[in-house]
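Structure, as structure tokens:
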Amino acid sequence: MGLPAVVDDSLALRPTLWMRTIHFLRREPLGTFGLALVIIMAMTGGFAELIAPYNPTANDFAAMTEAPSWAHVLGTDQFGRDLLSRLIYGARTAMIVGLSSALVGGVIGLVLGVGSAYFGGLIDLILQRIFDIVMAFPLIILALAVVSIFGTGVQNVIIAITIPLIPRCARVVRSSALAIREIPYVDAARACGFSHSRIILRHMVPNVMAPFLIMITASVGQAVLAEASLSYLGLGVQEPVPAWGLMLQGGAEEYASTAPWIAIFPGLAIMLSVLGVNLFGDALRDTLDPKMRNR
Amino acid sequence: MYLYVIKRVLLVIPTLVGAAALVFLLMRLIPGDVCVIRLGSSGGTFDPKAVTLCHQELGMDRPIWVQFFDFMWGIVRFDFGTSMWSAKPVTTEIWARLPVSLEIALLGTVLATAIAIPLGTLSALRQNSWLDLFVRVFAIGGIATPSFWLGIISLLIVLDLTSFFLGSPWMPPIDYVPFWEDPIRNLSMVFLPAITIGYRYSAITMRMTRSTMLEVMREDYIRTARAKGLIHKLIINRHALKNAMLPVVTLIGIEFAFLIGGLVVTEQVFNLNGVGRLFVQAVQNQDYTLTQALVMMTVVVFVFCNLVVDLLYAWLDPRIRYS
């Protein structure tokens, strides 16, 4: 005789991070595809020295604008440099700039946004006006101006792209934080005499993580595009550092009819990386925002 | 409603003043000296006294706060001074190039809106169909594709197609001719750049249209309209579209303001003599007055587009209008 099944809710399993990840991967195939693209890009950039068949900056004037072949899988550019190797090292530049700008801009934006919402009053008013002023500049215009001041190069491009991202992130986080500020446990924390920093860091910040993460993924895509645009204009990363936008600036238009691979592959790389980040970001938003689950 | 309008208009003033101050500060932080660049551009050496004279001519020897008030007073009178590089009035430099950029921006907006709204609506009405899938892929591709790369590829395709069909490659013209003088030449110049910037614009608008339509179609009043026996077309046109279009109209306005930034790179690709390209040249030449004027123009367009969109939204939505 079998024992009756005993259902005890207190013994019900809470989903672990691993279970939630598996659930996400099953429910969001496009998001999974996007995540796979991002991981491939990160691994490619991270292990570039092991993967790249050639030195990305080595000129070979005997092999200029060669079509794709077994020797050079994606062809060579106008200086005989292997395109595949430059794309692989370019992934590192894109990842470094994209992730750094998005993370630094996001974290600063998070602190400012939550702080602005928490303190309210004059602090909120002044910060919002500063955000209005900075956001009145289109991203590429402000990035161009900052690059003109600090100069070109990877570090300065990161600074140039981070600055416009800060108010954009702060705005999104602030609107969520404003709702959380009114929740009773924040008042209770104040009544208990907790410091402002404790209330902000331990009670408010964890509750704005969802919109913050969604904003970060969107910002990575914007940062990668902004870096490519700045490099294309000659005001971003400089030679000989491999960068996808720089590869398009070099000989893409000049050799468009005779060596179209110089134009096609770097642009495809930019598109796939931004696509991956956007698909993953969309899936993350659908998972974290209950209203979006039935779209 | 009037109080809302007044409050909103008043908020624009500190934003513009702050933006002007930030532009002024950014330009003064750029290292280098425009006089040294100008005098050194013809090659050879130059007399240091010439640099001093140049500074006096351009007003750069005055205290910084005097230069700032002069700049602000100039903005109020729409007098942006002369270009430090070409010595021509800044307004002349901008005015000569504005028609190209404006036409591309407007054509891009029209194309984007004409494609995005019908496709976004159909995609929402036929959710999870092949059309919906195509629209979603098209839209996400538009957001991911860098506009300057799309411009290069479109030029490549035009070159190859014309080589194949006409025997010789054809490139779009780069010298601007107004539409009323030669419509064919004008459109052949602006069509490709308009498509290049319009694709991303249409992608964002399409996604928003789809999203808002899906939300509206799930509302109770739509279910009530169906229960009353209204035909599907009437439900969509009379009830759903109107409500769904409110955020879309807002987005179209905001994206138009963002287009200005997009033109900077697109004009470089197509070698067009517009304000975007002028901006890059002004930054490279450290032409303070021209750069300041161009950035302020961009900011003013951006701020006023946002203002118009906010006011339009408030007017279109009766709940705000009567609140």
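Each chain in the structure tokens gets a letter, A, B and so on, in the order shown; residues start at 1 in every chain, and ligands are counted from 1 in the order they appear.
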Select, as a list in words, those residues of chain A with any atom no more than 7 Å from chain B (distances computed using only C-alpha atoms).
Arg129, Asp132, Ile133, Ala136, Phe137, Pro138, Ile140, Ile141, Ala145, Ser148, Ile149, Leu225, Ser229, Glu253, Ala256, Ser257, Gly267, Met271, Val274 and Leu275 of chain A
Given the selection you just returned, output its residues as a file containing N, CA and C atoms, formatted as a compact mmCIF listing (two decimals), in the first residue's frame.
# COMPACT_ATOMS: atom_id res chain seq x y z
N ARG A 129 17.78 68.91 -14.38
CA ARG A 129 18.13 69.96 -15.37
C ARG A 129 19.49 69.66 -16.01
N ASP A 132 18.85 67.04 -18.47
CA ASP A 132 18.18 67.63 -19.64
C ASP A 132 19.20 68.26 -20.57
N ILE A 133 20.14 69.00 -19.97
CA ILE A 133 21.14 69.71 -20.78
C ILE A 133 22.03 68.72 -21.51
N ALA A 136 20.25 66.91 -24.25
CA ALA A 136 19.87 67.75 -25.40
C ALA A 136 20.88 67.61 -26.53
N PHE A 137 22.06 67.07 -26.21
CA PHE A 137 23.06 66.83 -27.25
C PHE A 137 22.88 65.42 -27.79
N PRO A 138 22.72 65.24 -29.11
CA PRO A 138 22.71 63.88 -29.64
C PRO A 138 24.01 63.16 -29.25
N ILE A 140 26.23 61.22 -30.62
CA ILE A 140 27.44 61.29 -31.45
C ILE A 140 28.05 62.69 -31.41
N ILE A 141 27.22 63.72 -31.29
CA ILE A 141 27.71 65.10 -31.26
C ILE A 141 28.51 65.32 -29.97
N ALA A 145 32.54 65.99 -29.48
CA ALA A 145 33.08 67.14 -28.73
C ALA A 145 34.06 66.67 -27.65
N SER A 148 37.29 65.55 -29.11
CA SER A 148 38.10 66.71 -29.52
C SER A 148 38.89 67.25 -28.34
N ILE A 149 38.32 67.14 -27.13
CA ILE A 149 39.00 67.67 -25.96
C ILE A 149 40.09 66.70 -25.49
N LEU A 225 27.97 50.79 -31.52
CA LEU A 225 27.66 51.59 -32.72
C LEU A 225 28.36 52.95 -32.68
N SER A 229 31.10 54.41 -35.27
CA SER A 229 30.87 55.68 -35.97
C SER A 229 32.04 56.63 -35.77
N GLU A 253 35.20 52.39 -49.07
CA GLU A 253 34.55 53.08 -50.20
C GLU A 253 35.44 53.12 -51.42
N ALA A 256 35.44 49.75 -53.02
CA ALA A 256 34.11 49.12 -52.96
C ALA A 256 33.84 48.23 -54.16
N SER A 257 34.22 48.69 -55.35
CA SER A 257 33.88 47.89 -56.53
C SER A 257 34.91 46.79 -56.78
N GLY A 267 31.26 45.50 -41.42
CA GLY A 267 29.89 45.94 -41.15
C GLY A 267 29.02 44.80 -40.64
N MET A 271 27.05 44.60 -37.11
CA MET A 271 25.61 44.31 -37.11
C MET A 271 25.30 43.09 -36.24
N VAL A 274 25.73 43.95 -32.42
CA VAL A 274 24.65 44.79 -31.90
C VAL A 274 23.34 44.00 -31.89
N LEU A 275 23.15 43.17 -32.92
CA LEU A 275 21.94 42.33 -32.98
C LEU A 275 21.88 41.40 -31.79
Would you please give, as a ChimeraX atom specification, all residues of range 166-258 of chain A that DSSP assigns to helix (DSSP H, G or I) based on the backbone?
/A:166-181,184-191,196-232,244-250
Surrounding residues of Glu254 in chain A excluding itself and chain neighbours under 6 positions, 10 Å, only C-alpha atoms, as a list in words
Gln78, Pro260, Ile262 and Ala263 of chain A
Selection near Asp282 in chain A, 9 Å with only C-alpha atoms, sequence-local residues under 4 positions removed, as a PyMOL selection string
chain A and resi 30-31+214+217-218+277-278+286-287
For the residues in that selection, give me C-alpha atoms as a compact mmCIF listing (two decimals), in the first residue's frame.
# COMPACT_ATOMS: atom_id res chain seq x y z
CA LEU A 30 15.82 34.52 -29.88
CA GLY A 31 17.29 35.82 -26.64
CA ILE A 214 17.80 46.20 -19.50
CA THR A 217 22.24 45.77 -22.51
CA ALA A 218 20.73 48.54 -24.67
CA VAL A 277 23.06 42.42 -27.61
CA ASN A 278 19.63 43.76 -28.65
CA ASP A 286 10.36 40.20 -21.60
CA THR A 287 11.48 37.96 -18.74
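In this comparison, which uses only C-alpha atoms, the residue of B:Lys7, B:Arg238, B:Arg97, B:Lys233 approaching Tyr176 in chain B most closely is B:Arg97.
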Please provide the set of residues having any atom within 10 Å of range 79-92 of chain A, restricted to only C-alpha atoms, with same-chain residues fewer than 4 positions apart removed, written as a PyMOL selection string.
chain A and resi 40-49+51-66+68+71-75+96-98+224+241-247+250-251+261-262+265-266+269-270+273
With C-alpha atoms retained, write the just-selected residues as a PDB file, in the first residue's frame.
ATOM      1  CA  ILE A  40      31.021  34.239 -29.271  1.00  0.00           C
ATOM      2  CA  MET A  41      32.062  37.864 -29.661  1.00  0.00           C
ATOM      3  CA  ALA A  42      33.446  38.016 -26.127  1.00  0.00           C
ATOM      4  CA  MET A  43      35.360  34.739 -26.508  1.00  0.00           C
ATOM      5  CA  THR A  44      36.694  35.803 -29.902  1.00  0.00           C
ATOM      6  CA  GLY A  45      37.962  39.070 -28.496  1.00  0.00           C
ATOM      7  CA  GLY A  46      39.248  37.444 -25.332  1.00  0.00           C
ATOM      8  CA  PHE A  47      41.218  34.700 -27.077  1.00  0.00           C
ATOM      9  CA  ALA A  48      42.210  36.701 -30.147  1.00  0.00           C
ATOM     10  CA  GLU A  49      45.905  35.769 -29.868  1.00  0.00           C
ATOM     11  CA  ILE A  51      42.357  32.315 -32.757  1.00  0.00           C
ATOM     12  CA  ALA A  52      43.706  34.902 -35.205  1.00  0.00           C
ATOM     13  CA  PRO A  53      45.749  33.271 -38.005  1.00  0.00           C
ATOM     14  CA  TYR A  54      47.869  36.366 -38.709  1.00  0.00           C
ATOM     15  CA  ASN A  55      49.179  39.473 -36.997  1.00  0.00           C
ATOM     16  CA  PRO A  56      46.376  42.048 -37.553  1.00  0.00           C
ATOM     17  CA  THR A  57      48.803  44.932 -38.074  1.00  0.00           C
ATOM     18  CA  ALA A  58      51.301  43.140 -40.336  1.00  0.00           C
ATOM     19  CA  ASN A  59      51.315  44.637 -43.829  1.00  0.00           C
ATOM     20  CA  ASP A  60      51.849  42.369 -46.798  1.00  0.00           C
ATOM     21  CA  PHE A  61      52.161  44.448 -49.933  1.00  0.00           C
ATOM     22  CA  ALA A  62      52.350  41.304 -52.054  1.00  0.00           C
ATOM     23  CA  ALA A  63      48.821  40.378 -50.985  1.00  0.00           C
ATOM     24  CA  MET A  64      46.928  43.681 -51.197  1.00  0.00           C
ATOM     25  CA  THR A  65      43.128  43.501 -51.684  1.00  0.00           C
ATOM     26  CA  GLU A  66      43.209  39.747 -52.196  1.00  0.00           C
ATOM     27  CA  PRO A  68      38.823  35.449 -49.889  1.00  0.00           C
ATOM     28  CA  ALA A  71      45.204  31.507 -47.262  1.00  0.00           C
ATOM     29  CA  HIS A  72      43.072  34.514 -46.239  1.00  0.00           C
ATOM     30  CA  VAL A  73      39.565  33.291 -45.434  1.00  0.00           C
ATOM     31  CA  LEU A  74      37.928  36.737 -45.568  1.00  0.00           C
ATOM     32  CA  GLY A  75      40.451  38.345 -47.909  1.00  0.00           C
ATOM     33  CA  ILE A  96      36.225  46.654 -24.328  1.00  0.00           C
ATOM     34  CA  VAL A  97      34.705  49.939 -25.461  1.00  0.00           C
ATOM     35  CA  GLY A  98      31.102  48.689 -25.466  1.00  0.00           C
ATOM     36  CA  VAL A 224      29.448  49.589 -29.996  1.00  0.00           C
ATOM     37  CA  VAL A 241      44.662  49.292 -33.293  1.00  0.00           C
ATOM     38  CA  PRO A 242      42.170  47.074 -35.162  1.00  0.00           C
ATOM     39  CA  ALA A 243      38.608  48.376 -34.915  1.00  0.00           C
ATOM     40  CA  TRP A 244      35.634  47.555 -37.081  1.00  0.00           C
ATOM     41  CA  GLY A 245      34.683  51.183 -37.794  1.00  0.00           C
ATOM     42  CA  LEU A 246      38.295  51.969 -38.661  1.00  0.00           C
ATOM     43  CA  MET A 247      38.325  49.100 -41.154  1.00  0.00           C
ATOM     44  CA  GLY A 250      40.180  52.746 -44.447  1.00  0.00           C
ATOM     45  CA  GLY A 251      39.500  51.434 -47.910  1.00  0.00           C
ATOM     46  CA  TRP A 261      34.882  42.233 -48.857  1.00  0.00           C
ATOM     47  CA  ILE A 262      36.685  45.156 -47.184  1.00  0.00           C
ATOM     48  CA  PHE A 265      32.700  41.876 -43.358  1.00  0.00           C
ATOM     49  CA  PRO A 266      33.434  44.635 -40.798  1.00  0.00           C
ATOM     50  CA  ALA A 269      30.527  42.023 -37.570  1.00  0.00           C
ATOM     51  CA  ILE A 270      29.146  45.283 -36.134  1.00  0.00           C
ATOM     52  CA  SER A 273      27.267  42.041 -32.324  1.00  0.00           C
TER      53      SER A 273
END
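Note that CA of Pro99 in chain B and CA of Val9 in chain B are 27.7 Å apart.
The residue that comes closest to Leu110 in chain A, out of A:Thr32, A:Trp18, A:Arg168, A:His23 and on the basis of only C-alpha atoms, is A:Arg168.
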